[in-house]
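Enquirer: model20.cif is reproduced in full below (mmCIF, N, CA and C atoms).
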```cif
data_protein
loop_
_atom_site.label_atom_id
_atom_site.label_comp_id
_atom_site.auth_asym_id
_atom_site.auth_seq_id
_atom_site.Cartn_x
_atom_site.Cartn_y
_atom_site.Cartn_z
N MET A 299 -24.68 4.86 8.78
CA MET A 299 -23.27 5.15 8.90
C MET A 299 -22.86 6.03 7.72
N ALA A 300 -22.11 7.06 7.98
CA ALA A 300 -21.66 7.97 6.94
C ALA A 300 -20.54 7.32 6.12
N GLU A 301 -20.46 7.67 4.86
CA GLU A 301 -19.46 7.10 3.97
C GLU A 301 -18.04 7.42 4.44
N SER A 302 -17.83 8.61 5.01
CA SER A 302 -16.49 9.00 5.43
C SER A 302 -16.04 8.32 6.72
N ASP A 303 -16.95 7.61 7.41
CA ASP A 303 -16.58 6.94 8.64
C ASP A 303 -15.69 5.73 8.40
N GLY A 304 -15.79 5.11 7.26
CA GLY A 304 -14.99 3.93 6.98
C GLY A 304 -15.68 3.03 5.99
N ILE A 305 -15.15 1.83 5.87
CA ILE A 305 -15.66 0.86 4.91
C ILE A 305 -16.02 -0.41 5.65
N VAL A 306 -17.19 -0.94 5.39
CA VAL A 306 -17.59 -2.21 5.97
C VAL A 306 -17.20 -3.31 4.99
N VAL A 307 -16.54 -4.35 5.49
CA VAL A 307 -16.15 -5.47 4.64
C VAL A 307 -17.02 -6.67 4.94
N PHE A 308 -17.10 -7.58 3.99
CA PHE A 308 -18.01 -8.70 4.10
C PHE A 308 -17.27 -10.03 4.14
N CYS A 309 -17.99 -11.05 4.54
CA CYS A 309 -17.47 -12.41 4.66
C CYS A 309 -16.80 -12.84 3.36
N LYS A 310 -15.68 -13.58 3.49
CA LYS A 310 -14.96 -14.00 2.29
C LYS A 310 -15.56 -15.21 1.61
N THR A 311 -16.59 -15.83 2.22
CA THR A 311 -17.25 -16.97 1.62
C THR A 311 -18.02 -16.52 0.39
N SER A 312 -17.86 -17.22 -0.71
CA SER A 312 -18.52 -16.87 -1.96
C SER A 312 -20.03 -16.78 -1.78
N GLY A 313 -20.62 -15.67 -2.19
CA GLY A 313 -22.06 -15.47 -2.13
C GLY A 313 -22.58 -14.95 -0.79
N CYS A 314 -21.76 -14.86 0.22
CA CYS A 314 -22.20 -14.39 1.54
C CYS A 314 -22.03 -12.87 1.64
N THR A 315 -23.04 -12.19 2.19
CA THR A 315 -22.98 -10.73 2.32
C THR A 315 -23.04 -10.27 3.77
N ASN A 316 -22.67 -11.13 4.70
CA ASN A 316 -22.65 -10.75 6.13
C ASN A 316 -21.41 -9.92 6.43
N PRO A 317 -21.55 -8.83 7.23
CA PRO A 317 -20.37 -8.02 7.58
C PRO A 317 -19.48 -8.78 8.57
N VAL A 318 -18.19 -8.53 8.47
CA VAL A 318 -17.21 -9.14 9.38
C VAL A 318 -16.30 -8.04 9.93
N ALA A 319 -15.53 -8.37 10.96
CA ALA A 319 -14.71 -7.37 11.64
C ALA A 319 -13.45 -7.00 10.90
N LYS A 320 -12.97 -7.83 9.99
CA LYS A 320 -11.73 -7.57 9.29
C LYS A 320 -11.76 -8.23 7.93
N GLN A 321 -11.13 -7.59 6.95
CA GLN A 321 -11.11 -8.13 5.60
C GLN A 321 -10.46 -9.51 5.59
N GLY A 322 -11.06 -10.44 4.85
CA GLY A 322 -10.52 -11.78 4.76
C GLY A 322 -11.05 -12.73 5.82
N ARG A 323 -12.00 -12.27 6.64
CA ARG A 323 -12.57 -13.11 7.69
C ARG A 323 -13.85 -13.77 7.22
N ILE A 324 -14.32 -14.72 8.02
CA ILE A 324 -15.54 -15.46 7.73
C ILE A 324 -16.58 -15.11 8.79
N CYS A 325 -17.85 -14.94 8.38
CA CYS A 325 -18.91 -14.60 9.33
C CYS A 325 -19.26 -15.82 10.19
N ASP A 326 -20.02 -15.58 11.28
CA ASP A 326 -20.39 -16.65 12.21
C ASP A 326 -21.14 -17.81 11.53
N PRO A 327 -22.20 -17.55 10.74
CA PRO A 327 -22.91 -18.67 10.12
C PRO A 327 -22.01 -19.53 9.22
N CYS A 328 -21.12 -18.88 8.46
CA CYS A 328 -20.22 -19.65 7.60
C CYS A 328 -19.17 -20.37 8.43
N TYR A 329 -18.72 -19.76 9.50
CA TYR A 329 -17.73 -20.38 10.38
C TYR A 329 -18.30 -21.65 11.01
N LEU A 330 -19.58 -21.59 11.39
CA LEU A 330 -20.20 -22.74 12.04
C LEU A 330 -20.36 -23.94 11.10
N LYS A 331 -20.31 -23.70 9.79
CA LYS A 331 -20.39 -24.79 8.83
C LYS A 331 -19.06 -25.54 8.72
N MET A 332 -17.99 -24.94 9.25
CA MET A 332 -16.68 -25.57 9.21
C MET A 332 -16.59 -26.69 10.25
N PRO A 333 -15.76 -27.69 10.01
CA PRO A 333 -15.61 -28.75 11.02
C PRO A 333 -14.91 -28.22 12.27
N GLY A 334 -15.27 -28.78 13.41
CA GLY A 334 -14.66 -28.35 14.68
C GLY A 334 -15.72 -28.18 15.75
N GLY A 335 -15.29 -27.87 16.93
CA GLY A 335 -16.21 -27.73 18.06
C GLY A 335 -16.96 -26.42 18.08
N ARG A 336 -17.92 -26.33 18.95
CA ARG A 336 -18.74 -25.14 19.14
C ARG A 336 -18.63 -24.70 20.60
N ARG A 337 -18.83 -23.40 20.82
CA ARG A 337 -18.88 -22.89 22.18
C ARG A 337 -19.73 -21.63 22.19
N SER A 338 -19.95 -21.05 23.34
CA SER A 338 -20.77 -19.85 23.47
C SER A 338 -19.91 -18.60 23.46
N CYS A 339 -20.43 -17.54 22.87
CA CYS A 339 -19.78 -16.23 22.94
C CYS A 339 -19.77 -15.82 24.41
N PRO A 340 -18.65 -15.36 24.95
CA PRO A 340 -18.59 -15.00 26.36
C PRO A 340 -19.46 -13.80 26.74
N ILE A 341 -19.90 -13.03 25.75
CA ILE A 341 -20.70 -11.84 26.04
C ILE A 341 -22.20 -12.11 25.92
N CYS A 342 -22.62 -12.72 24.79
CA CYS A 342 -24.06 -12.88 24.55
C CYS A 342 -24.52 -14.33 24.54
N GLN A 343 -23.60 -15.26 24.68
CA GLN A 343 -23.91 -16.69 24.73
C GLN A 343 -24.41 -17.28 23.41
N SER A 344 -24.26 -16.54 22.29
CA SER A 344 -24.63 -17.13 21.00
C SER A 344 -23.58 -18.18 20.64
N ILE A 345 -23.95 -19.13 19.80
CA ILE A 345 -23.07 -20.23 19.45
C ILE A 345 -22.03 -19.75 18.44
N ILE A 346 -20.75 -19.99 18.75
CA ILE A 346 -19.65 -19.63 17.85
C ILE A 346 -18.73 -20.83 17.68
N HIS A 347 -17.85 -20.77 16.70
CA HIS A 347 -16.88 -21.84 16.46
C HIS A 347 -15.83 -21.83 17.58
N ILE A 348 -15.26 -22.94 17.87
CA ILE A 348 -14.31 -23.09 18.96
C ILE A 348 -13.09 -22.18 18.79
N LYS A 349 -12.72 -21.84 17.54
CA LYS A 349 -11.55 -21.00 17.30
C LYS A 349 -11.82 -19.50 17.48
N GLN A 350 -13.10 -19.13 17.53
CA GLN A 350 -13.44 -17.72 17.67
C GLN A 350 -13.37 -17.28 19.12
N LYS A 351 -12.98 -16.01 19.35
CA LYS A 351 -12.93 -15.47 20.71
C LYS A 351 -14.27 -14.89 21.13
N LYS A 352 -14.96 -14.24 20.18
CA LYS A 352 -16.30 -13.72 20.42
C LYS A 352 -17.02 -13.64 19.09
N CYS A 353 -18.33 -13.43 19.14
CA CYS A 353 -19.12 -13.44 17.91
C CYS A 353 -18.82 -12.19 17.07
N ALA A 354 -19.17 -12.27 15.78
CA ALA A 354 -18.89 -11.18 14.85
C ALA A 354 -19.55 -9.88 15.27
N LYS A 355 -20.74 -9.94 15.86
CA LYS A 355 -21.42 -8.72 16.29
C LYS A 355 -20.58 -7.97 17.30
N HIS A 356 -20.01 -8.67 18.26
CA HIS A 356 -19.21 -8.01 19.29
C HIS A 356 -17.85 -7.57 18.77
N MET A 357 -17.32 -8.27 17.78
CA MET A 357 -16.07 -7.84 17.16
C MET A 357 -16.31 -6.54 16.38
N LEU A 358 -17.44 -6.46 15.67
CA LEU A 358 -17.79 -5.24 14.94
C LEU A 358 -18.08 -4.10 15.91
N ASP A 359 -18.81 -4.37 17.00
CA ASP A 359 -19.12 -3.34 17.99
C ASP A 359 -17.84 -2.75 18.58
N ALA A 360 -16.84 -3.58 18.82
CA ALA A 360 -15.58 -3.11 19.39
C ALA A 360 -14.87 -2.15 18.44
N LYS A 361 -15.15 -2.26 17.14
CA LYS A 361 -14.53 -1.38 16.15
C LYS A 361 -15.48 -0.27 15.71
N GLY A 362 -16.57 -0.08 16.41
CA GLY A 362 -17.52 0.97 16.07
C GLY A 362 -18.31 0.66 14.82
N GLY A 363 -18.41 -0.61 14.43
CA GLY A 363 -19.18 -1.00 13.25
C GLY A 363 -18.44 -0.77 11.94
N VAL A 364 -17.23 -0.24 12.01
CA VAL A 364 -16.45 0.05 10.82
C VAL A 364 -15.19 -0.80 10.87
N THR A 365 -14.87 -1.44 9.77
CA THR A 365 -13.73 -2.34 9.78
C THR A 365 -12.47 -1.73 9.20
N ARG A 366 -12.59 -0.75 8.35
CA ARG A 366 -11.42 -0.09 7.79
C ARG A 366 -11.63 1.41 7.90
N ARG A 367 -10.75 2.09 8.57
CA ARG A 367 -10.88 3.53 8.77
C ARG A 367 -10.49 4.30 7.50
N TYR A 368 -11.22 5.37 7.24
CA TYR A 368 -10.94 6.24 6.11
C TYR A 368 -9.67 7.03 6.41
N ARG A 369 -8.76 7.08 5.48
CA ARG A 369 -7.55 7.88 5.62
C ARG A 369 -7.37 8.69 4.36
N PRO A 370 -7.45 10.02 4.47
CA PRO A 370 -7.31 10.83 3.26
C PRO A 370 -5.89 10.74 2.71
N SER A 371 -5.76 10.87 1.40
CA SER A 371 -4.44 10.82 0.79
C SER A 371 -3.69 12.12 1.07
N ILE A 372 -2.38 12.06 0.95
CA ILE A 372 -1.55 13.25 1.16
C ILE A 372 -1.74 14.15 -0.05
N PRO A 373 -2.05 15.44 0.15
CA PRO A 373 -2.25 16.34 -0.99
C PRO A 373 -1.02 16.40 -1.89
N LYS A 374 -1.26 16.54 -3.19
CA LYS A 374 -0.16 16.56 -4.17
C LYS A 374 0.85 17.66 -3.86
N SER A 375 0.36 18.80 -3.42
CA SER A 375 1.28 19.91 -3.12
C SER A 375 2.21 19.56 -1.97
N VAL A 376 1.71 18.86 -0.97
CA VAL A 376 2.53 18.45 0.17
C VAL A 376 3.51 17.36 -0.26
N ARG A 377 3.05 16.42 -1.09
CA ARG A 377 3.92 15.36 -1.59
C ARG A 377 5.09 15.97 -2.37
N LYS A 378 4.78 16.89 -3.27
CA LYS A 378 5.82 17.51 -4.09
C LYS A 378 6.78 18.30 -3.21
N ALA A 379 6.26 19.01 -2.22
CA ALA A 379 7.11 19.78 -1.31
C ALA A 379 8.06 18.87 -0.53
N ALA A 380 7.59 17.68 -0.14
CA ALA A 380 8.44 16.73 0.58
C ALA A 380 9.58 16.24 -0.31
N TYR A 381 9.27 15.92 -1.56
CA TYR A 381 10.32 15.49 -2.49
C TYR A 381 11.34 16.60 -2.72
N GLN A 382 10.86 17.83 -2.89
CA GLN A 382 11.76 18.94 -3.13
C GLN A 382 12.60 19.25 -1.89
N ARG A 383 12.01 19.19 -0.72
CA ARG A 383 12.74 19.44 0.52
C ARG A 383 13.89 18.44 0.69
N ASP A 384 13.62 17.16 0.39
CA ASP A 384 14.64 16.12 0.53
C ASP A 384 15.47 15.93 -0.74
N SER A 385 15.32 16.83 -1.70
CA SER A 385 16.10 16.82 -2.94
C SER A 385 16.01 15.50 -3.70
N TYR A 386 14.82 14.89 -3.70
CA TYR A 386 14.58 13.63 -4.41
C TYR A 386 15.62 12.57 -4.01
N THR A 387 15.95 12.54 -2.72
CA THR A 387 16.98 11.64 -2.19
C THR A 387 16.44 10.88 -1.00
N CYS A 388 16.74 9.58 -0.93
CA CYS A 388 16.33 8.75 0.20
C CYS A 388 17.06 9.24 1.44
N VAL A 389 16.33 9.55 2.50
CA VAL A 389 16.95 10.06 3.72
C VAL A 389 17.67 8.97 4.50
N ARG A 390 17.42 7.72 4.18
CA ARG A 390 18.05 6.60 4.89
C ARG A 390 19.38 6.19 4.25
N CYS A 391 19.37 5.95 2.93
CA CYS A 391 20.58 5.44 2.27
C CYS A 391 21.24 6.43 1.33
N GLY A 392 20.57 7.54 1.01
CA GLY A 392 21.17 8.57 0.16
C GLY A 392 20.98 8.36 -1.34
N LEU A 393 20.21 7.37 -1.76
CA LEU A 393 19.96 7.13 -3.17
C LEU A 393 19.25 8.35 -3.76
N GLU A 394 19.76 8.83 -4.90
CA GLU A 394 19.20 10.02 -5.53
C GLU A 394 18.30 9.66 -6.70
N GLY A 395 17.22 10.41 -6.84
CA GLY A 395 16.32 10.23 -7.97
C GLY A 395 16.95 10.76 -9.24
N ARG A 396 16.69 10.09 -10.36
CA ARG A 396 17.26 10.49 -11.64
C ARG A 396 16.16 10.93 -12.58
N GLY A 397 16.49 11.84 -13.46
CA GLY A 397 15.53 12.30 -14.45
C GLY A 397 15.46 13.81 -14.49
N GLU A 398 14.68 14.29 -15.44
CA GLU A 398 14.52 15.73 -15.64
C GLU A 398 13.26 16.26 -14.97
N THR A 399 12.18 15.49 -15.03
CA THR A 399 10.91 15.96 -14.49
C THR A 399 10.66 15.36 -13.11
N HIS A 400 9.71 15.94 -12.41
CA HIS A 400 9.32 15.45 -11.08
C HIS A 400 8.90 13.98 -11.16
N GLU A 401 8.09 13.64 -12.17
CA GLU A 401 7.59 12.27 -12.32
C GLU A 401 8.72 11.27 -12.54
N GLU A 402 9.74 11.67 -13.28
CA GLU A 402 10.88 10.78 -13.52
C GLU A 402 11.73 10.61 -12.26
N LYS A 403 11.90 11.69 -11.50
CA LYS A 403 12.74 11.66 -10.30
C LYS A 403 12.14 10.84 -9.16
N ILE A 404 10.81 10.75 -9.10
CA ILE A 404 10.18 10.06 -7.96
C ILE A 404 10.02 8.55 -8.18
N LYS A 405 10.35 8.06 -9.36
CA LYS A 405 10.22 6.61 -9.60
C LYS A 405 11.17 5.86 -8.68
N GLY A 406 10.64 4.86 -8.00
CA GLY A 406 11.45 4.06 -7.07
C GLY A 406 11.50 4.64 -5.67
N PHE A 407 10.72 5.69 -5.40
CA PHE A 407 10.71 6.31 -4.08
C PHE A 407 9.30 6.29 -3.50
N ALA A 408 9.23 6.44 -2.20
CA ALA A 408 7.94 6.48 -1.52
C ALA A 408 7.97 7.57 -0.44
N ILE A 409 6.83 8.12 -0.17
CA ILE A 409 6.71 9.06 0.95
C ILE A 409 6.34 8.25 2.18
N ASP A 410 7.07 8.47 3.26
CA ASP A 410 6.90 7.71 4.49
C ASP A 410 6.56 8.65 5.64
N HIS A 411 5.68 8.20 6.53
CA HIS A 411 5.38 8.95 7.75
C HIS A 411 6.45 8.63 8.78
N VAL A 412 7.11 9.64 9.32
CA VAL A 412 8.11 9.43 10.38
C VAL A 412 7.41 8.80 11.59
N ILE A 413 6.34 9.43 12.03
CA ILE A 413 5.46 8.83 13.05
C ILE A 413 4.28 8.28 12.27
N ALA A 414 4.10 6.97 12.31
CA ALA A 414 3.09 6.29 11.50
C ALA A 414 1.70 6.90 11.70
N HIS A 415 0.96 6.93 10.61
CA HIS A 415 -0.42 7.44 10.66
C HIS A 415 -1.25 6.63 11.64
N ALA A 416 -1.03 5.33 11.69
CA ALA A 416 -1.79 4.45 12.58
C ALA A 416 -1.53 4.74 14.05
N THR A 417 -0.39 5.35 14.37
CA THR A 417 -0.09 5.66 15.77
C THR A 417 -0.27 7.14 16.07
N GLY A 418 -1.01 7.82 15.22
CA GLY A 418 -1.35 9.21 15.48
C GLY A 418 -0.54 10.24 14.73
N GLY A 419 0.37 9.81 13.86
CA GLY A 419 1.16 10.75 13.07
C GLY A 419 0.31 11.45 12.02
N SER A 420 0.68 12.67 11.71
CA SER A 420 -0.10 13.45 10.74
C SER A 420 0.53 13.33 9.35
N SER A 421 -0.17 13.89 8.38
CA SER A 421 0.35 13.95 7.02
C SER A 421 0.87 15.34 6.71
N GLU A 422 1.32 16.03 7.74
CA GLU A 422 1.94 17.35 7.56
C GLU A 422 3.35 17.16 7.04
N LEU A 423 3.88 18.14 6.35
CA LEU A 423 5.20 18.08 5.74
C LEU A 423 6.29 17.69 6.74
N GLU A 424 6.20 18.19 7.97
CA GLU A 424 7.22 17.91 8.99
C GLU A 424 7.27 16.44 9.39
N ASN A 425 6.19 15.68 9.16
CA ASN A 425 6.15 14.27 9.54
C ASN A 425 6.38 13.34 8.35
N LEU A 426 6.78 13.89 7.22
CA LEU A 426 6.99 13.07 6.03
C LEU A 426 8.46 13.03 5.66
N GLN A 427 8.88 11.91 5.12
CA GLN A 427 10.25 11.76 4.63
C GLN A 427 10.23 10.94 3.35
N ILE A 428 11.29 11.08 2.57
CA ILE A 428 11.40 10.34 1.31
C ILE A 428 12.31 9.14 1.54
N LEU A 429 11.83 7.97 1.15
CA LEU A 429 12.61 6.74 1.24
C LEU A 429 12.57 6.02 -0.10
N CYS A 430 13.66 5.37 -0.45
CA CYS A 430 13.62 4.52 -1.63
C CYS A 430 12.76 3.30 -1.27
N ARG A 431 12.28 2.58 -2.26
CA ARG A 431 11.39 1.44 -1.99
C ARG A 431 12.06 0.40 -1.10
N LYS A 432 13.36 0.17 -1.32
CA LYS A 432 14.07 -0.83 -0.52
C LYS A 432 14.10 -0.43 0.96
N CYS A 433 14.44 0.81 1.25
CA CYS A 433 14.48 1.27 2.64
C CYS A 433 13.08 1.31 3.26
N ASN A 434 12.08 1.71 2.46
CA ASN A 434 10.72 1.77 2.98
C ASN A 434 10.19 0.38 3.32
N SER A 435 10.49 -0.62 2.48
CA SER A 435 9.99 -1.96 2.74
C SER A 435 10.73 -2.64 3.88
N SER A 436 11.95 -2.18 4.19
CA SER A 436 12.69 -2.79 5.30
C SER A 436 12.67 -1.92 6.55
N LYS A 437 11.82 -0.91 6.58
CA LYS A 437 11.78 0.03 7.71
C LYS A 437 11.49 -0.67 9.03
N TRP A 438 10.69 -1.72 9.03
CA TRP A 438 10.35 -2.41 10.28
C TRP A 438 11.59 -3.00 10.94
N LEU A 439 12.65 -3.28 10.17
CA LEU A 439 13.87 -3.83 10.74
C LEU A 439 14.60 -2.82 11.63
N TRP A 440 14.39 -1.52 11.38
CA TRP A 440 15.07 -0.48 12.14
C TRP A 440 14.64 -0.50 13.60
N HIS A 441 13.44 -1.01 13.84
CA HIS A 441 12.88 -0.94 15.20
C HIS A 441 13.18 -2.18 16.02
N LEU A 442 13.89 -3.17 15.46
CA LEU A 442 14.19 -4.39 16.19
C LEU A 442 15.33 -4.20 17.15
#
```
As C-alpha cells, please, write out the structure in this file.
Expert:
Amino acid sequence: MAESDGIVVFCKTSGCTNPVAKQGRICDPCYLKMPGGRRSCPICQSIIHIKQKKCAKHMLDAKGGVTRRYRPSIPKSVRKAAYQRDSYTCVRCGLEGRGETHEEKIKGFAIDHVIAHATGGSSELENLQILCRKCNSSKWLWHL
C-alpha cells in the first residue's frame, strides 16, 4: 500500500499490533477475550464477538484496507487569500480579526469548507469561508 493512500490504525489494546477498521477499535482476537457471547461472521463464518457485525478483515476490506484517508492541507497562499477576501471577518456573525499582522488577525478564526471535504467539496478558494471558532464549532446546528 502506498503511503499517500492513507493510514492504517491498530488495535487499541496495549501491546497489540493488529490492524482495525477505525481508530479506537479493538481487533477480533482481543475482542474475543472480552466477556459476552460469540457468533459467526456472516461473510466468512469466522468466530466474532456478539457485538460485532462482521470480522475485522471484512471491515477493512470494505474500506479498501485503509482506515483514514489522506487529505492534503490547504496551501498557505489559498488560506491567506481566503482571509483577505473575507477581510479577516467571520462570514456568519461578522466578528472582525484584530491586529496589525496576518498572524495576529487570524487568531480565533478557522477556515471552513462550505461544502465539506468529506462530501466531495474541494479546497479551492471558492469553497472556503472564514468563521470564528464559535461559529465553526456550532456549524452543525445550522443544518438542524
Enquirer: Write out as a PyMOL selection string each polymer residue whose atoms come within 6 Å of His347 in chain A, counting all atoms listed in the file; drop sequence neighbours fewer than 6 positions from it.
Expert: chain A and resi 329-330+335-337
Enquirer: One decimal, in Å: what's the spacing between CA of Lys320 in chain A and CA of Ile372 in chain A?
Expert: 24.6 Å
Enquirer: May I have all residues of chain A that DSSP, computed from the backbone, assigns to alpha helix (DSSP H), given as an MDAnalysis selection string?
Expert: chainID A and resid 326:330 354:360 374:383 400:403 431:435
Enquirer: Let's have the selection written as an mmCIF file, keeping the file's coordinate frame, with N, CA and C atoms.
Expert:
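So again_29.cif came out as:
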```
data_model
loop_
_atom_site.group_PDB
_atom_site.id
_atom_site.type_symbol
_atom_site.label_atom_id
_atom_site.label_comp_id
_atom_site.auth_asym_id
_atom_site.auth_seq_id
_atom_site.Cartn_x
_atom_site.Cartn_y
_atom_site.Cartn_z
ATOM 1 N N ASP A 326 -20.020 -15.580 11.280
ATOM 2 C CA ASP A 326 -20.390 -16.650 12.210
ATOM 3 C C ASP A 326 -21.140 -17.810 11.530
ATOM 4 N N PRO A 327 -22.200 -17.550 10.740
ATOM 5 C CA PRO A 327 -22.910 -18.670 10.120
ATOM 6 C C PRO A 327 -22.010 -19.530 9.220
ATOM 7 N N CYS A 328 -21.120 -18.880 8.460
ATOM 8 C CA CYS A 328 -20.220 -19.650 7.600
ATOM 9 C C CYS A 328 -19.170 -20.370 8.430
ATOM 10 N N TYR A 329 -18.720 -19.760 9.500
ATOM 11 C CA TYR A 329 -17.730 -20.380 10.380
ATOM 12 C C TYR A 329 -18.300 -21.650 11.010
ATOM 13 N N LEU A 330 -19.580 -21.590 11.390
ATOM 14 C CA LEU A 330 -20.200 -22.740 12.040
ATOM 15 C C LEU A 330 -20.360 -23.940 11.100
ATOM 16 N N ALA A 354 -19.170 -12.270 15.780
ATOM 17 C CA ALA A 354 -18.890 -11.180 14.850
ATOM 18 C C ALA A 354 -19.550 -9.880 15.270
ATOM 19 N N LYS A 355 -20.740 -9.940 15.860
ATOM 20 C CA LYS A 355 -21.420 -8.720 16.290
ATOM 21 C C LYS A 355 -20.580 -7.970 17.300
ATOM 22 N N HIS A 356 -20.010 -8.670 18.260
ATOM 23 C CA HIS A 356 -19.210 -8.010 19.290
ATOM 24 C C HIS A 356 -17.850 -7.570 18.770
ATOM 25 N N MET A 357 -17.320 -8.270 17.780
ATOM 26 C CA MET A 357 -16.070 -7.840 17.160
ATOM 27 C C MET A 357 -16.310 -6.540 16.380
ATOM 28 N N LEU A 358 -17.440 -6.460 15.670
ATOM 29 C CA LEU A 358 -17.790 -5.240 14.940
ATOM 30 C C LEU A 358 -18.080 -4.100 15.910
ATOM 31 N N ASP A 359 -18.810 -4.370 17.000
ATOM 32 C CA ASP A 359 -19.120 -3.340 17.990
ATOM 33 C C ASP A 359 -17.840 -2.750 18.580
ATOM 34 N N ALA A 360 -16.840 -3.580 18.820
ATOM 35 C CA ALA A 360 -15.580 -3.110 19.390
ATOM 36 C C ALA A 360 -14.870 -2.150 18.440
ATOM 37 N N LYS A 374 -1.260 16.540 -3.190
ATOM 38 C CA LYS A 374 -0.160 16.560 -4.170
ATOM 39 C C LYS A 374 0.850 17.660 -3.860
ATOM 40 N N SER A 375 0.360 18.800 -3.420
ATOM 41 C CA SER A 375 1.280 19.910 -3.120
ATOM 42 C C SER A 375 2.210 19.560 -1.970
ATOM 43 N N VAL A 376 1.710 18.860 -0.970
ATOM 44 C CA VAL A 376 2.530 18.450 0.170
ATOM 45 C C VAL A 376 3.510 17.360 -0.260
ATOM 46 N N ARG A 377 3.050 16.420 -1.090
ATOM 47 C CA ARG A 377 3.920 15.360 -1.590
ATOM 48 C C ARG A 377 5.090 15.970 -2.370
ATOM 49 N N LYS A 378 4.780 16.890 -3.270
ATOM 50 C CA LYS A 378 5.820 17.510 -4.090
ATOM 51 C C LYS A 378 6.780 18.300 -3.210
ATOM 52 N N ALA A 379 6.260 19.010 -2.220
ATOM 53 C CA ALA A 379 7.110 19.780 -1.310
ATOM 54 C C ALA A 379 8.060 18.870 -0.530
ATOM 55 N N ALA A 380 7.590 17.680 -0.140
ATOM 56 C CA ALA A 380 8.440 16.730 0.580
ATOM 57 C C ALA A 380 9.580 16.240 -0.310
ATOM 58 N N TYR A 381 9.270 15.920 -1.560
ATOM 59 C CA TYR A 381 10.320 15.490 -2.490
ATOM 60 C C TYR A 381 11.340 16.600 -2.720
ATOM 61 N N GLN A 382 10.860 17.830 -2.890
ATOM 62 C CA GLN A 382 11.760 18.940 -3.130
ATOM 63 C C GLN A 382 12.600 19.250 -1.890
ATOM 64 N N ARG A 383 12.010 19.190 -0.720
ATOM 65 C CA ARG A 383 12.740 19.440 0.520
ATOM 66 C C ARG A 383 13.890 18.440 0.690
ATOM 67 N N HIS A 400 9.710 15.940 -12.410
ATOM 68 C CA HIS A 400 9.320 15.450 -11.080
ATOM 69 C C HIS A 400 8.900 13.980 -11.160
ATOM 70 N N GLU A 401 8.090 13.640 -12.170
ATOM 71 C CA GLU A 401 7.590 12.270 -12.320
ATOM 72 C C GLU A 401 8.720 11.270 -12.540
ATOM 73 N N GLU A 402 9.740 11.670 -13.280
ATOM 74 C CA GLU A 402 10.880 10.780 -13.520
ATOM 75 C C GLU A 402 11.730 10.610 -12.260
ATOM 76 N N LYS A 403 11.900 11.690 -11.500
ATOM 77 C CA LYS A 403 12.740 11.660 -10.300
ATOM 78 C C LYS A 403 12.140 10.840 -9.160
ATOM 79 N N ARG A 431 12.280 2.580 -2.260
ATOM 80 C CA ARG A 431 11.390 1.440 -1.990
ATOM 81 C C ARG A 431 12.060 0.400 -1.100
ATOM 82 N N LYS A 432 13.360 0.170 -1.320
ATOM 83 C CA LYS A 432 14.070 -0.830 -0.520
ATOM 84 C C LYS A 432 14.100 -0.430 0.960
ATOM 85 N N CYS A 433 14.440 0.810 1.250
ATOM 86 C CA CYS A 433 14.480 1.270 2.640
ATOM 87 C C CYS A 433 13.080 1.310 3.260
ATOM 88 N N ASN A 434 12.080 1.710 2.460
ATOM 89 C CA ASN A 434 10.720 1.770 2.980
ATOM 90 C C ASN A 434 10.190 0.380 3.320
ATOM 91 N N SER A 435 10.490 -0.620 2.480
ATOM 92 C CA SER A 435 9.990 -1.960 2.740
ATOM 93 C C SER A 435 10.730 -2.640 3.880
#
```
Enquirer: Show which residues sit within 8 Å of range 394-408 of chain A, as a list of chain:residue names. Count only N, CA and C atoms, and ignore same-chain residues fewer than 5 positions away.
Expert: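 So the residues in contact are A:Tyr381, A:Ser385, A:Tyr386, A:Thr387, A:Cys388, A:Gln427, A:Ile428, A:Leu429, A:Cys430, A:Arg431, A:Lys432, A:Asn434.
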Enquirer: Grab the residues selected above and save them as an mmCIF file, in the frame of the given file with N, CA and C atoms.
Expert:
```cif
data_model
loop_
_atom_site.group_PDB
_atom_site.id
_atom_site.type_symbol
_atom_site.label_atom_id
_atom_site.label_comp_id
_atom_site.auth_asym_id
_atom_site.auth_seq_id
_atom_site.Cartn_x
_atom_site.Cartn_y
_atom_site.Cartn_z
ATOM 1 N N TYR A 381 9.270 15.920 -1.560
ATOM 2 C CA TYR A 381 10.320 15.490 -2.490
ATOM 3 C C TYR A 381 11.340 16.600 -2.720
ATOM 4 N N SER A 385 15.320 16.830 -1.700
ATOM 5 C CA SER A 385 16.100 16.820 -2.940
ATOM 6 C C SER A 385 16.010 15.500 -3.700
ATOM 7 N N TYR A 386 14.820 14.890 -3.700
ATOM 8 C CA TYR A 386 14.580 13.630 -4.410
ATOM 9 C C TYR A 386 15.620 12.570 -4.010
ATOM 10 N N THR A 387 15.950 12.540 -2.720
ATOM 11 C CA THR A 387 16.980 11.640 -2.190
ATOM 12 C C THR A 387 16.440 10.880 -1.000
ATOM 13 N N CYS A 388 16.740 9.580 -0.930
ATOM 14 C CA CYS A 388 16.330 8.750 0.200
ATOM 15 C C CYS A 388 17.060 9.240 1.440
ATOM 16 N N GLN A 427 8.880 11.910 5.120
ATOM 17 C CA GLN A 427 10.250 11.760 4.630
ATOM 18 C C GLN A 427 10.230 10.940 3.350
ATOM 19 N N ILE A 428 11.290 11.080 2.570
ATOM 20 C CA ILE A 428 11.400 10.340 1.310
ATOM 21 C C ILE A 428 12.310 9.140 1.540
ATOM 22 N N LEU A 429 11.830 7.970 1.150
ATOM 23 C CA LEU A 429 12.610 6.740 1.240
ATOM 24 C C LEU A 429 12.570 6.020 -0.100
ATOM 25 N N CYS A 430 13.660 5.370 -0.450
ATOM 26 C CA CYS A 430 13.620 4.520 -1.630
ATOM 27 C C CYS A 430 12.760 3.300 -1.270
ATOM 28 N N ARG A 431 12.280 2.580 -2.260
ATOM 29 C CA ARG A 431 11.390 1.440 -1.990
ATOM 30 C C ARG A 431 12.060 0.400 -1.100
ATOM 31 N N LYS A 432 13.360 0.170 -1.320
ATOM 32 C CA LYS A 432 14.070 -0.830 -0.520
ATOM 33 C C LYS A 432 14.100 -0.430 0.960
ATOM 34 N N ASN A 434 12.080 1.710 2.460
ATOM 35 C CA ASN A 434 10.720 1.770 2.980
ATOM 36 C C ASN A 434 10.190 0.380 3.320
#
```
Enquirer: Neighbourhood query: residues within 12 Å of (-24.1, -8.7, 16.2), file coordinates, counting only C-alpha atoms; return as a list of chain:residue names.
Expert: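 Looking at atoms near the point gives A:Asn316, A:Pro317, A:Val318, A:Ala319, A:Cys325, A:Asp326, A:Pro327, A:Cys339, A:Ile341, A:Cys342, A:Gln343, A:Ser344, A:Ile346, A:Lys352, A:Cys353, A:Ala354, A:Lys355, A:His356, A:Met357, A:Leu358, A:Asp359, A:Ala360, A:Gly362, A:Gly363.
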